[in-house]
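To be precise, the following lines are coords_17.pdb, and they hold PDB, C-alpha atoms.
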```
ATOM      1  CA  MET P   1      99.820  80.139  82.639
ATOM      2  CA  THR P   2      98.004  82.534  80.314
ATOM      3  CA  ARG P   3      99.609  85.657  78.859
ATOM      4  CA  ARG P   4      97.091  87.845  80.706
ATOM      5  CA  LYS P   5      97.771  86.225  84.081
ATOM      6  CA  ALA P   6     101.534  86.522  83.598
ATOM      7  CA  SER P   7     101.108  90.207  82.714
ATOM      8  CA  PHE P   8      99.098  90.767  85.903
ATOM      9  CA  ILE P   9     101.770  89.051  87.987
ATOM     10  CA  GLY P  10     104.414  91.198  86.313
ATOM     11  CA  PHE P  11     102.449  94.347  87.159
ATOM     12  CA  THR P  12     102.652  93.499  90.867
ATOM     13  CA  ALA P  13     106.352  94.363  90.551
ATOM     14  CA  VAL P  14     105.356  97.881  89.481
ATOM     15  CA  LEU P  15     103.133  98.165  92.564
ATOM     16  CA  LEU P  16     105.971  97.015  94.803
ATOM     17  CA  TRP P  17     108.424  99.437  93.178
ATOM     18  CA  SER P  18     105.964 102.193  94.045
ATOM     19  CA  LEU P  19     106.975 101.673  97.695
ATOM     20  CA  LEU P  20     110.678 102.055  96.916
ATOM     21  CA  ALA P  21     110.860 105.789  97.683
ATOM     22  CA  LEU P  22     108.878 105.489 100.935
ATOM     23  CA  PHE P  23     111.023 102.662 102.303
ATOM     24  CA  THR P  24     114.228 104.311 101.105
ATOM     25  CA  VAL P  25     113.372 107.490 103.025
ATOM     26  CA  GLY P  26     112.632 105.394 106.097
ATOM     27  CA  SER P  27     115.968 103.553 105.835
ATOM     28  CA  ALA P  28     118.078 106.734 106.121
ATOM     29  CA  PRO P  29     120.941 107.264 106.915
ATOM     30  CA  VAL P  30     122.121 103.890 105.560
ATOM     31  CA  PRO P  31     124.451 104.545 102.561
ATOM     32  CA  PRO P  32     123.036 103.410  99.192
ATOM     33  CA  LEU P  33     125.492 100.606  98.401
ATOM     34  CA  GLN P  34     125.224  99.217 101.927
ATOM     35  CA  LEU P  35     121.444  99.401 101.626
ATOM     36  CA  ASN P  36     121.702  97.609  98.293
ATOM     37  CA  ALA P  37     123.783  94.819  99.836
ATOM     38  CA  MET P  38     121.403  94.361 102.766
ATOM     39  CA  CYS P  39     118.208  94.393 100.704
ATOM     40  CA  PHE P  40     119.425  92.082  97.955
ATOM     41  CA  ALA P  41     120.677  89.648 100.595
ATOM     42  CA  ILE P  42     117.110  89.488 101.937
ATOM     43  CA  GLY P  43     115.675  89.202  98.413
ATOM     44  CA  GLY P  44     118.052  86.376  97.531
ATOM     45  CA  ALA P  45     117.395  84.586 100.822
ATOM     46  CA  ILE P  46     113.615  84.499 100.346
ATOM     47  CA  GLY P  47     114.184  83.061  96.882
ATOM     48  CA  VAL P  48     116.423  80.286  98.203
ATOM     49  CA  ILE P  49     113.980  79.513 101.035
ATOM     50  CA  TRP P  50     111.142  79.282  98.504
ATOM     51  CA  LEU P  51     113.178  76.934  96.292
ATOM     52  CA  ILE P  52     114.043  74.672  99.225
ATOM     53  CA  ALA P  53     110.428  74.628 100.440
ATOM     54  CA  THR P  54     109.130  73.683  96.985
ATOM     55  CA  GLY P  55     111.914  71.224  96.218
ATOM     56  CA  SER P  56     113.000  73.300  93.228
ATOM     57  CA  LEU P  57     116.597  74.000  94.224
ATOM     58  CA  HIS P  58     117.830  71.667  91.493
ATOM     59  CA  GLN P  59     116.618  74.150  88.856
ATOM     60  CA  LEU P  60     119.621  76.349  89.590
ATOM     61  CA  ARG P  61     122.056  73.716  88.284
ATOM     62  CA  ALA P  62     120.437  73.774  84.844
ATOM     63  CA  VAL P  63     121.145  77.493  84.315
ATOM     64  CA  ALA P  64     124.282  78.334  82.316
ATOM     65  CA  TRP P  65     126.792  80.646  83.982
ATOM     66  CA  PRO P  66     126.536  83.343  81.241
ATOM     67  CA  VAL P  67     122.872  83.748  82.196
ATOM     68  CA  TYR P  68     123.847  84.323  85.833
ATOM     69  CA  VAL P  69     126.432  86.891  84.730
ATOM     70  CA  ALA P  70     123.914  88.753  82.562
ATOM     71  CA  GLY P  71     121.230  88.761  85.262
ATOM     72  CA  THR P  72     123.618  89.952  87.960
ATOM     73  CA  ALA P  73     124.980  92.654  85.674
ATOM     74  CA  GLY P  74     121.437  93.901  85.105
ATOM     75  CA  LEU P  75     120.487  94.159  88.783
ATOM     76  CA  PHE P  76     123.835  95.406  90.082
ATOM     77  CA  GLY P  77     124.540  97.680  87.119
ATOM     78  CA  TYR P  78     121.151  99.381  87.263
ATOM     79  CA  HIS P  79     121.311 100.200  90.961
ATOM     80  CA  LEU P  80     124.962 101.279  90.889
ATOM     81  CA  LEU P  81     124.294 103.628  87.956
ATOM     82  CA  TYR P  82     121.068 104.899  89.540
ATOM     83  CA  PHE P  83     122.603 105.803  92.893
ATOM     84  CA  SER P  84     125.638 107.358  91.198
ATOM     85  CA  ALA P  85     123.445 109.447  88.887
ATOM     86  CA  LEU P  86     121.456 110.837  91.812
ATOM     87  CA  ARG P  87     124.701 111.901  93.469
ATOM     88  CA  LEU P  88     126.077 113.734  90.424
ATOM     89  CA  ALA P  89     122.898 115.407  89.113
ATOM     90  CA  PRO P  90     119.654 116.892  90.487
ATOM     91  CA  PRO P  91     117.615 113.896  91.691
ATOM     92  CA  ALA P  92     114.344 114.820  89.958
ATOM     93  CA  GLN P  93     115.942 115.325  86.549
ATOM     94  CA  ALA P  94     118.224 112.301  86.880
ATOM     95  CA  GLY P  95     115.239 110.206  87.947
ATOM     96  CA  LEU P  96     113.316 111.380  84.896
ATOM     97  CA  ILE P  97     116.091 110.265  82.550
ATOM     98  CA  ALA P  98     116.496 106.962  84.383
ATOM     99  CA  TYR P  99     112.769 106.371  83.975
ATOM    100  CA  LEU P 100     113.151 106.203  80.221
ATOM    101  CA  TRP P 101     113.459 102.427  80.597
ATOM    102  CA  PRO P 102     109.721 101.669  80.170
ATOM    103  CA  LEU P 103     109.724 103.640  76.913
ATOM    104  CA  LEU P 104     112.815 101.767  75.717
ATOM    105  CA  ILE P 105     111.196  98.439  76.586
ATOM    106  CA  VAL P 106     108.099  99.285  74.559
ATOM    107  CA  LEU P 107     110.062 100.536  71.545
ATOM    108  CA  PHE P 108     112.715  97.796  71.461
ATOM    109  CA  SER P 109     110.296  94.959  72.220
ATOM    110  CA  GLY P 110     109.094  95.163  68.628
ATOM    111  CA  LEU P 111     112.427  93.603  67.654
ATOM    112  CA  LEU P 112     111.758  90.471  69.700
ATOM    113  CA  PRO P 113     110.593  87.276  67.977
ATOM    114  CA  GLY P 114     106.802  86.992  67.938
ATOM    115  CA  GLU P 115     106.266  90.627  68.921
ATOM    116  CA  ARG P 116     104.812  93.440  66.825
ATOM    117  CA  LEU P 117     105.105  97.122  67.707
ATOM    118  CA  THR P 118     102.004  99.159  66.820
ATOM    119  CA  PHE P 119     101.131 102.845  66.687
ATOM    120  CA  TRP P 120      99.111 102.372  69.898
ATOM    121  CA  HIS P 121     102.159 101.137  71.814
ATOM    122  CA  ILE P 122     104.314 104.071  70.709
ATOM    123  CA  ALA P 123     101.620 106.675  71.365
ATOM    124  CA  GLY P 124     100.733 105.145  74.739
ATOM    125  CA  ALA P 125     104.363 105.005  75.860
ATOM    126  CA  LEU P 126     105.001 108.631  74.896
ATOM    127  CA  ILE P 127     101.844 109.918  76.607
ATOM    128  CA  ALA P 128     102.569 107.933  79.770
ATOM    129  CA  PHE P 129     106.122 109.273  79.749
ATOM    130  CA  MET P 130     104.739 112.820  79.688
ATOM    131  CA  GLY P 131     102.765 111.993  82.825
ATOM    132  CA  ALA P 132     105.817 110.584  84.564
ATOM    133  CA  ALA P 133     107.824 113.660  83.513
ATOM    134  CA  LEU P 134     105.300 115.947  85.234
ATOM    135  CA  ILE P 135     105.629 114.025  88.496
ATOM    136  CA  LEU P 136     109.403 113.948  88.438
ATOM    137  CA  GLY P 137     109.669 117.662  87.791
ATOM    138  CA  GLY P 138     110.218 117.792  84.040
ATOM    139  CA  GLY P 139     113.023 119.597  82.270
ATOM    140  CA  ILE P 140     116.789 119.212  82.616
ATOM    141  CA  ALA P 141     118.766 121.813  84.467
ATOM    142  CA  ALA P 142     121.179 123.677  82.209
ATOM    143  CA  ASP P 143     124.138 122.817  84.408
ATOM    144  CA  ARG P 144     127.131 121.336  82.634
ATOM    145  CA  SER P 145     128.516 119.965  85.890
ATOM    146  CA  ALA P 146     125.482 117.663  86.038
ATOM    147  CA  LEU P 147     126.056 116.197  82.569
ATOM    148  CA  PRO P 148     128.017 113.161  83.908
ATOM    149  CA  GLY P 149     125.064 112.375  86.174
ATOM    150  CA  TYR P 150     122.629 112.683  83.285
ATOM    151  CA  ALA P 151     124.807 110.361  81.206
ATOM    152  CA  LEU P 152     124.839 107.759  83.991
ATOM    153  CA  ALA P 153     121.055 108.066  84.292
ATOM    154  CA  GLY P 154     120.753 107.367  80.562
ATOM    155  CA  LEU P 155     122.950 104.287  80.939
ATOM    156  CA  CYS P 156     120.783 103.299  83.875
ATOM    157  CA  ALA P 157     117.658 103.318  81.686
ATOM    158  CA  LEU P 158     119.447 101.386  78.961
ATOM    159  CA  THR P 159     120.693  98.811  81.473
ATOM    160  CA  TRP P 160     117.284  97.976  82.940
ATOM    161  CA  SER P 161     115.492  97.922  79.599
ATOM    162  CA  SER P 162     118.210  95.630  78.224
ATOM    163  CA  TYR P 163     117.916  93.377  81.287
ATOM    164  CA  SER P 164     114.148  93.119  80.858
ATOM    165  CA  LEU P 165     114.343  92.388  77.132
ATOM    166  CA  LEU P 166     117.150  89.882  77.710
ATOM    167  CA  SER P 167     114.974  88.151  80.287
ATOM    168  CA  ARG P 168     112.365  87.775  77.556
ATOM    169  CA  ARG P 169     114.990  86.169  75.308
ATOM    170  CA  PHE P 170     115.913  83.835  78.180
ATOM    171  CA  GLY P 171     112.337  82.614  78.408
ATOM    172  CA  HIS P 172     113.532  79.055  79.029
ATOM    173  CA  VAL P 173     115.467  80.094  82.138
ATOM    174  CA  PRO P 174     113.482  79.417  85.351
ATOM    175  CA  THR P 175     112.600  82.408  87.524
ATOM    176  CA  ALA P 176     114.478  80.588  90.284
ATOM    177  CA  ALA P 177     117.683  82.031  88.794
ATOM    178  CA  VAL P 178     116.682  85.468  90.125
ATOM    179  CA  ALA P 179     117.670  84.266  93.608
ATOM    180  CA  ILE P 180     121.275  83.927  92.423
ATOM    181  CA  TYR P 181     121.108  87.319  90.687
ATOM    182  CA  CYS P 182     120.080  88.869  94.013
ATOM    183  CA  LEU P 183     122.742  87.115  96.098
ATOM    184  CA  ALA P 184     125.493  87.981  93.608
ATOM    185  CA  THR P 185     124.293  91.596  93.475
ATOM    186  CA  SER P 186     124.384  91.713  97.267
ATOM    187  CA  ALA P 187     127.975  90.465  97.294
ATOM    188  CA  LEU P 188     129.120  92.965  94.658
ATOM    189  CA  SER P 189     127.304  95.814  96.416
ATOM    190  CA  GLY P 190     128.886  94.844  99.710
ATOM    191  CA  ALA P 191     132.359  94.895  98.180
ATOM    192  CA  ALA P 192     131.699  98.282  96.550
ATOM    193  CA  HIS P 193     130.316  99.608  99.828
ATOM    194  CA  LEU P 194     133.416  98.619 101.795
ATOM    195  CA  ALA P 195     135.596 100.342  99.197
ATOM    196  CA  LEU P 196     133.581 103.545  98.749
ATOM    197  CA  GLU P 197     131.317 104.205 101.750
ATOM    198  CA  PRO P 198     131.282 104.355 105.547
ATOM    199  CA  THR P 199     129.172 101.728 107.302
ATOM    200  CA  ILE P 200     126.092 103.218 108.954
ATOM    201  CA  TRP P 201     123.401 100.918 110.364
ATOM    202  CA  PRO P 202     119.716 101.844 110.766
ATOM    203  CA  GLN P 203     119.203 104.097 113.774
ATOM    204  CA  ASN P 204     115.913 102.716 115.112
ATOM    205  CA  THR P 205     113.197 100.086 114.701
ATOM    206  CA  LEU P 206     111.558 102.053 111.900
ATOM    207  CA  GLY P 207     114.832 102.064 109.966
ATOM    208  CA  TRP P 208     115.267  98.306 110.297
ATOM    209  CA  ALA P 209     111.626  97.767 109.310
ATOM    210  CA  ALA P 210     112.179  99.893 106.190
ATOM    211  CA  VAL P 211     115.237  97.830 105.208
ATOM    212  CA  LEU P 212     113.291  94.614 105.753
ATOM    213  CA  GLY P 213     110.379  95.997 103.728
ATOM    214  CA  LEU P 214     112.712  96.883 100.859
ATOM    215  CA  GLY P 215     114.284  93.434 100.849
ATOM    216  CA  LEU P 216     110.959  91.621 100.935
ATOM    217  CA  GLY P 217     109.166  93.823  98.396
ATOM    218  CA  PRO P 218     110.678  96.403  95.998
ATOM    219  CA  VAL P 219     114.179  94.900  96.119
ATOM    220  CA  GLY P 220     113.059  91.298  96.541
ATOM    221  CA  LEU P 221     109.755  89.783  95.449
ATOM    222  CA  ALA P 222     109.357  92.425  92.737
ATOM    223  CA  PHE P 223     112.232  90.995  90.697
ATOM    224  CA  TYR P 224     110.725  87.504  90.723
ATOM    225  CA  THR P 225     107.291  88.662  89.587
ATOM    226  CA  TRP P 226     108.825  91.017  86.990
ATOM    227  CA  ASP P 227     110.905  88.155  85.580
ATOM    228  CA  LEU P 228     107.807  86.002  85.218
ATOM    229  CA  GLY P 229     105.863  88.864  83.669
ATOM    230  CA  VAL P 230     108.390  89.831  80.992
ATOM    231  CA  LYS P 231     108.973  86.184  80.055
ATOM    232  CA  ARG P 232     105.378  85.028  79.729
ATOM    233  CA  GLY P 233     103.250  88.169  79.671
ATOM    234  CA  ASP P 234     102.761  91.150  77.347
ATOM    235  CA  ILE P 235     106.089  92.948  77.676
ATOM    236  CA  GLN P 236     104.918  96.014  75.738
ATOM    237  CA  LEU P 237     101.894  96.482  77.962
ATOM    238  CA  LEU P 238     104.064  95.966  81.054
ATOM    239  CA  GLY P 239     106.558  98.542  79.802
ATOM    240  CA  THR P 240     103.894 101.202  79.449
ATOM    241  CA  ALA P 241     102.085 100.240  82.670
ATOM    242  CA  SER P 242     105.387 100.715  84.520
ATOM    243  CA  TYR P 243     104.825 104.461  84.328
ATOM    244  CA  ALA P 244     102.280 103.963  87.090
ATOM    245  CA  ALA P 245     105.163 103.469  89.542
ATOM    246  CA  PRO P 246     106.162 107.161  89.918
ATOM    247  CA  LEU P 247     102.499 108.140  90.146
ATOM    248  CA  ILE P 248     101.629 105.619  92.874
ATOM    249  CA  SER P 249     104.915 106.339  94.641
ATOM    250  CA  THR P 250     104.110 110.047  94.765
ATOM    251  CA  LEU P 251     100.568 109.370  96.011
ATOM    252  CA  VAL P 252     101.983 107.198  98.805
ATOM    253  CA  LEU P 253     104.425 109.946  99.819
ATOM    254  CA  VAL P 254     101.545 112.449  99.846
ATOM    255  CA  ALA P 255      99.383 110.115 101.912
ATOM    256  CA  VAL P 256     102.019 109.768 104.640
ATOM    257  CA  GLY P 257     102.834 113.481 104.608
ATOM    258  CA  ILE P 258     106.326 113.280 103.093
ATOM    259  CA  ALA P 259     105.405 115.088  99.857
ATOM    260  CA  PRO P 260     102.828 117.885  99.305
ATOM    261  CA  ALA P 261      99.706 117.331  97.230
ATOM    262  CA  SER P 262      99.625 119.043  93.849
ATOM    263  CA  PRO P 263      97.180 119.534  90.944
ATOM    264  CA  VAL P 264      99.932 118.108  88.761
ATOM    265  CA  LEU P 265      99.094 114.698  90.199
ATOM    266  CA  LEU P 266      95.649 114.745  88.595
ATOM    267  CA  ILE P 267      97.049 115.660  85.177
ATOM    268  CA  SER P 268      99.747 113.028  85.540
ATOM    269  CA  ALA P 269      97.202 110.396  86.511
ATOM    270  CA  VAL P 270      95.137 111.129  83.382
ATOM    271  CA  LEU P 271      98.203 110.961  81.117
ATOM    272  CA  ILE P 272      99.550 107.745  82.645
ATOM    273  CA  ALA P 273      96.164 106.026  82.659
ATOM    274  CA  GLY P 274      95.519 107.184  79.091
ATOM    275  CA  GLY P 275      98.898 105.926  77.919
ATOM    276  CA  ALA P 276      98.338 102.548  79.539
ATOM    277  CA  LEU P 277      94.891 102.370  77.909
ATOM    278  CA  LEU P 278      96.366 103.023  74.449
ATOM    279  CA  ALA P 279      98.986 100.314  75.043
ATOM    280  CA  ALA P 280      96.228  97.932  76.096
ATOM    281  CA  ILE P 281      94.395  98.713  72.855
ATOM    282  CA  GLY P 282      97.600  97.907  70.996
ATOM    283  CA  ALA P 283      97.854  94.603  72.842
ATOM    284  CA  ARG P 284      94.330  93.661  71.741
ATOM    285  CA  HIS P 285      95.074  94.526  68.108
ATOM    286  CA  LYS P 286      98.255  92.479  67.860
ATOM    287  CA  ILE P 287      98.477  90.109  64.955
ATOM    288  CA  ASP P 288      99.620  86.735  66.185
ATOM    289  CA  PRO P 289     102.142  84.969  63.972
ATOM    290  CA  ALA P 290     100.576  82.441  61.641
ATOM    291  CA  PRO P 291     100.903  78.851  62.831
ATOM    292  CA  VAL P 292     103.512  76.767  61.111
ATOM    293  CA  PRO P 293     101.780  74.061  59.001
ATOM    294  CA  VAL P 294     102.542  70.516  60.004
ATOM    295  CA  THR P 295     103.500  68.321  57.055
ATOM    296  CA  GLU P 296     103.780  64.597  57.057
ATOM    297  CA  PRO P 297     107.200  63.073  56.509
ATOM    298  CA  PRO P 298     107.610  61.270  53.153
ATOM    299  CA  GLN P 299     107.532  57.867  54.836
ATOM    300  CA  ALA P 300     104.175  58.567  56.495
ATOM    301  CA  ALA P 301     102.686  59.911  53.252
ATOM    302  CA  THR P 302     103.755  56.750  51.432
ATOM    303  CA  ARG P 303     102.190  54.498  54.074
ATOM    304  CA  ASN P 304      98.937  56.447  54.047
ATOM    305  CA  SER P 305      98.651  56.132  50.270
TER     306      SER P 305
END
```
For the file at hand, write its structure as structure tokens.
Amino acid sequence: MTRRKASFIGFTAVLLWSLLALFTVGSAPVPPLQLNAMCFAIGGAIGVIWLIATGSLHQLRAVAWPVYVAGTAGLFGYHLLYFSALRLAPPAQAGLIAYLWPLLIVLFSGLLPGERLTFWHIAGALIAFMGAALILGGGIAADRSALPGYALAGLCALTWSSYSLLSRRFGHVPTAAVAIYCLATSALSGAAHLALEPTIWPQNTLGWAAVLGLGLGPVGLAFYTWDLGVKRGDIQLLGTASYAAPLISTLVLVAVGIAPASPVLLISAVLIAGGALLAAIGARHKIDPAPVPVTEPPQAATRNS
């Protein structure tokens, strides 16, 4: 698989995450941790079914348990921190802080082996972040009572960026392991739900369809394609392109009449597209590491002489 193809596959996760808000609204009034448990159970199940159908179930035995722990911590930790942040702080501002993770991915990816951070990546990430900030409302309310929520949102961004970069480091780990991440996250979310929330099931067919849509897409398939993208694609380009998610999400909400249209969308679209373009320029101007010269062992050199 080429780097470009892997990057494209990874970007499909961003498109799927753009439907997260729409499906989440449709799944109300299911509590967040219960919703998490239900959706990740679906996401894990489709992964297991795919592994059985392709005869790849044996790949799971080759994965070390610390990798499973790290992957589960990333998925469960991000969503637990995200939902908690939105409860303790204004949602728009908390969402803005949580959406620092693409910027962190771009900036920290320069520390990965074989990667090189350029001016274009930094400039593109910052410009795209400005576009996302416009959509999410911009600014942080000067309310000290919301500071714990803002802090959790910051940890949320750090958690997902760390998970994505760690996935890059675990490039040898098959994407099949994501199925276990999802099932373990579902179990942990279910336990947390029983301890902290009342159980409320979807109220109608639309609610159940929204839960199923979440489990199949934004909280299911998206994690598999994202894992493949960050492991084999251009992680810096993917980090910047991820700012398209709040833009597309807002456009979807406008299209279905949940959110009002606004001139801000046009400005945001220009900033996000411009930032992604700069990151793409940076990807084209990367300097690949020089190949390691192959030298003959002494025995072979002696025979050849």
When the PyMOL selection byres ((chain P and resi 208) around 12) is applied to the file above, which residues end up in the set, as a PDB file with C-alpha atoms, in the frame of the given file?
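Here's the written file expr34.pdb:
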```pdb
ATOM      1  CA  PHE P  23     111.023 102.662 102.303  1.00  0.00           C
ATOM      2  CA  THR P  24     114.228 104.311 101.105  1.00  0.00           C
ATOM      3  CA  VAL P  25     113.372 107.490 103.025  1.00  0.00           C
ATOM      4  CA  GLY P  26     112.632 105.394 106.097  1.00  0.00           C
ATOM      5  CA  SER P  27     115.968 103.553 105.835  1.00  0.00           C
ATOM      6  CA  ALA P  28     118.078 106.734 106.121  1.00  0.00           C
ATOM      7  CA  PRO P  29     120.941 107.264 106.915  1.00  0.00           C
ATOM      8  CA  VAL P  30     122.121 103.890 105.560  1.00  0.00           C
ATOM      9  CA  LEU P  35     121.444  99.401 101.626  1.00  0.00           C
ATOM     10  CA  MET P  38     121.403  94.361 102.766  1.00  0.00           C
ATOM     11  CA  CYS P  39     118.208  94.393 100.704  1.00  0.00           C
ATOM     12  CA  ILE P 200     126.092 103.218 108.954  1.00  0.00           C
ATOM     13  CA  TRP P 201     123.401 100.918 110.364  1.00  0.00           C
ATOM     14  CA  PRO P 202     119.716 101.844 110.766  1.00  0.00           C
ATOM     15  CA  GLN P 203     119.203 104.097 113.774  1.00  0.00           C
ATOM     16  CA  ASN P 204     115.913 102.716 115.112  1.00  0.00           C
ATOM     17  CA  THR P 205     113.197 100.086 114.701  1.00  0.00           C
ATOM     18  CA  LEU P 206     111.558 102.053 111.900  1.00  0.00           C
ATOM     19  CA  GLY P 207     114.832 102.064 109.966  1.00  0.00           C
ATOM     20  CA  ALA P 209     111.626  97.767 109.310  1.00  0.00           C
ATOM     21  CA  ALA P 210     112.179  99.893 106.190  1.00  0.00           C
ATOM     22  CA  VAL P 211     115.237  97.830 105.208  1.00  0.00           C
ATOM     23  CA  LEU P 212     113.291  94.614 105.753  1.00  0.00           C
ATOM     24  CA  GLY P 213     110.379  95.997 103.728  1.00  0.00           C
ATOM     25  CA  LEU P 214     112.712  96.883 100.859  1.00  0.00           C
ATOM     26  CA  GLY P 215     114.284  93.434 100.849  1.00  0.00           C
TER      27      GLY P 215
END
```
**Item:** 8 Å contact set for Val230 (chain P), only C-alpha atoms, chain neighbours under 4 positions out, as a ChimeraX atom specification
**Value:** /P:7,10,164-165,167-168,226,234-235,238
Write the residues of the selection above to a file with C-alpha atoms, as a short mmCIF file (atom, residue, chain, number, x, y, z; two decimals), in the frame of the given file.
```
data_model
loop_
_atom_site.label_atom_id
_atom_site.label_comp_id
_atom_site.auth_asym_id
_atom_site.auth_seq_id
_atom_site.Cartn_x
_atom_site.Cartn_y
_atom_site.Cartn_z
CA SER P 7 101.11 90.21 82.71
CA GLY P 10 104.41 91.20 86.31
CA SER P 164 114.15 93.12 80.86
CA LEU P 165 114.34 92.39 77.13
CA SER P 167 114.97 88.15 80.29
CA ARG P 168 112.36 87.78 77.56
CA TRP P 226 108.82 91.02 86.99
CA ASP P 234 102.76 91.15 77.35
CA ILE P 235 106.09 92.95 77.68
CA LEU P 238 104.06 95.97 81.05
#
```
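Atom to atom, CA of Ile258 (chain P) and CA of Asn36 (chain P) stand 22.5 Å apart.
If you look at CA of Tyr99 (chain P) and CA of Phe11 (chain P), they are 16.2 Å away from each other.
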**Near-Arg87 (chain P) list (12 Å; all atoms listed in the file; drop same-chain fewer than 2 positions) as a list in words** = Pro31, Pro32, Leu80, Leu81, Tyr82, Phe83, Ser84, Ala85, Ala89, Pro90, Pro91, Ala92, Gln93, Ala94, Gly95, Ser145, Ala146, Leu147, Pro148, Gly149, Tyr150, Leu152 and Ala153 of chain P
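The spacing separating CA of Ile122 (chain P) from CA of Gly154 (chain P) amounts to 19.4 Å.
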**Request:** Could you expand the PyMOL selection byres ((chain P and resi 178) around 12) into the explicit residues it covers here, written as a ChimeraX atom specification?
**Result:** /P:40-41,43-48,50-51,59-60,63,67-75,163,167,173-177,179-185,219-228
**Request:** Any chance you could resolve the PyMOL selection byres ((chain P and resi 232) around 6) against this file and give the residues as a VMD selection string?
**Result:** chain P and resid 3 6 229 to 231 233
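Of the residues under consideration (P:Met130, P:Leu158, P:Leu57, P:Ala241), P:Leu158 shows the shortest atom-to-atom contact distance to Trp101 (chain P) when counting only C-alpha atoms.
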The centre and edge lengths of an axis-aligned box containing all atoms of region 249-267 of chain P present in the file, extended by 6 Å on each side, are to be given in Å to one decimal, as AutoDock Vina command-line options.
```
--center_x 101.0 --center_y 112.9 --center_z 94.9 --size_x 22.7 --size_y 25.2 --size_z 31.5
```
**Message:** So that I can check the surroundings of region 245-249 of chain P, please list as a list in words every protein, DNA and RNA residue that reaches within 9 Å of it, counting only C-alpha atoms and ignoring chain neighbours fewer than 3 positions away.
**Reply:** Val14, Leu15, Leu16, Trp17, Ser18, Leu19, Leu20, Ala21, Leu22, Tyr99, Gly131, Ala132, Ile135, Leu136, Ala241, Ser242, Val252, Leu253, Val254, Leu265, Ser268, Ala269 and Ile272 of chain P
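With distances taken over all atoms listed in the file, P:Leu126 is the one residue among P:Ala53, P:Leu100, P:Ala62, P:Leu126 lying closest to Gly274 (chain P).
Comparing P:Ala13, P:Ile267, P:Leu277, P:Ile105 by their smallest distance to Ala157 (chain P), the closest is P:Ile105 (using all atoms listed in the file).
The smallest atom-to-atom distance between Ile42 (chain P) and any of P:His172, P:Leu216, P:Leu188, P:Ala98, using all atoms listed in the file, is found for P:Leu216.
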**Request:** Please provide as a PyMOL selection string all residues within 9 Å of Leu107 (chain P), with the sequence filter that same-chain residues fewer than 6 positions apart are discarded (counting only C-alpha atoms).
**Result:** chain P and resi 117+121-122+125+236
Please, could N, CA and C atoms be added to region 165-178 of chain P and the result written as a CSV table (one decimal), keeping the file's coordinate frame?
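Now in selection-v9.csv:
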```
chain,number,residue,atom,x,y,z
P,165,LEU,N,114.5,93.0,78.5
P,165,LEU,CA,114.3,92.4,77.1
P,165,LEU,C,115.2,91.1,77.0
P,166,LEU,N,116.3,91.1,77.7
P,166,LEU,CA,117.2,89.9,77.7
P,166,LEU,C,116.4,88.8,78.5
P,167,SER,N,115.7,89.1,79.5
P,167,SER,CA,115.0,88.2,80.3
P,167,SER,C,113.9,87.5,79.4
P,168,ARG,N,113.3,88.3,78.5
P,168,ARG,CA,112.4,87.8,77.6
P,168,ARG,C,113.0,86.8,76.6
P,169,ARG,N,114.2,87.1,76.2
P,169,ARG,CA,115.0,86.2,75.3
P,169,ARG,C,115.4,84.9,76.0
P,170,PHE,N,115.6,85.0,77.4
P,170,PHE,CA,115.9,83.8,78.2
P,170,PHE,C,114.6,83.2,78.8
P,171,GLY,N,113.6,83.1,77.9
P,171,GLY,CA,112.3,82.6,78.4
P,171,GLY,C,112.4,81.2,79.0
P,172,HIS,N,113.4,80.4,78.6
P,172,HIS,CA,113.5,79.1,79.0
P,172,HIS,C,114.2,79.0,80.4
P,173,VAL,N,114.8,80.1,80.9
P,173,VAL,CA,115.5,80.1,82.1
P,173,VAL,C,114.4,80.2,83.3
P,174,PRO,N,114.5,79.3,84.3
P,174,PRO,CA,113.5,79.4,85.4
P,174,PRO,C,113.7,80.7,86.2
P,175,THR,N,112.6,81.2,86.7
P,175,THR,CA,112.6,82.4,87.5
P,175,THR,C,113.4,82.2,88.8
P,176,ALA,N,113.7,80.9,89.1
P,176,ALA,CA,114.5,80.6,90.3
P,176,ALA,C,115.9,81.2,90.2
P,177,ALA,N,116.3,81.5,89.0
P,177,ALA,CA,117.7,82.0,88.8
P,177,ALA,C,117.8,83.4,89.4
P,178,VAL,N,116.7,84.1,89.6
P,178,VAL,CA,116.7,85.5,90.1
P,178,VAL,C,117.3,85.5,91.5
```
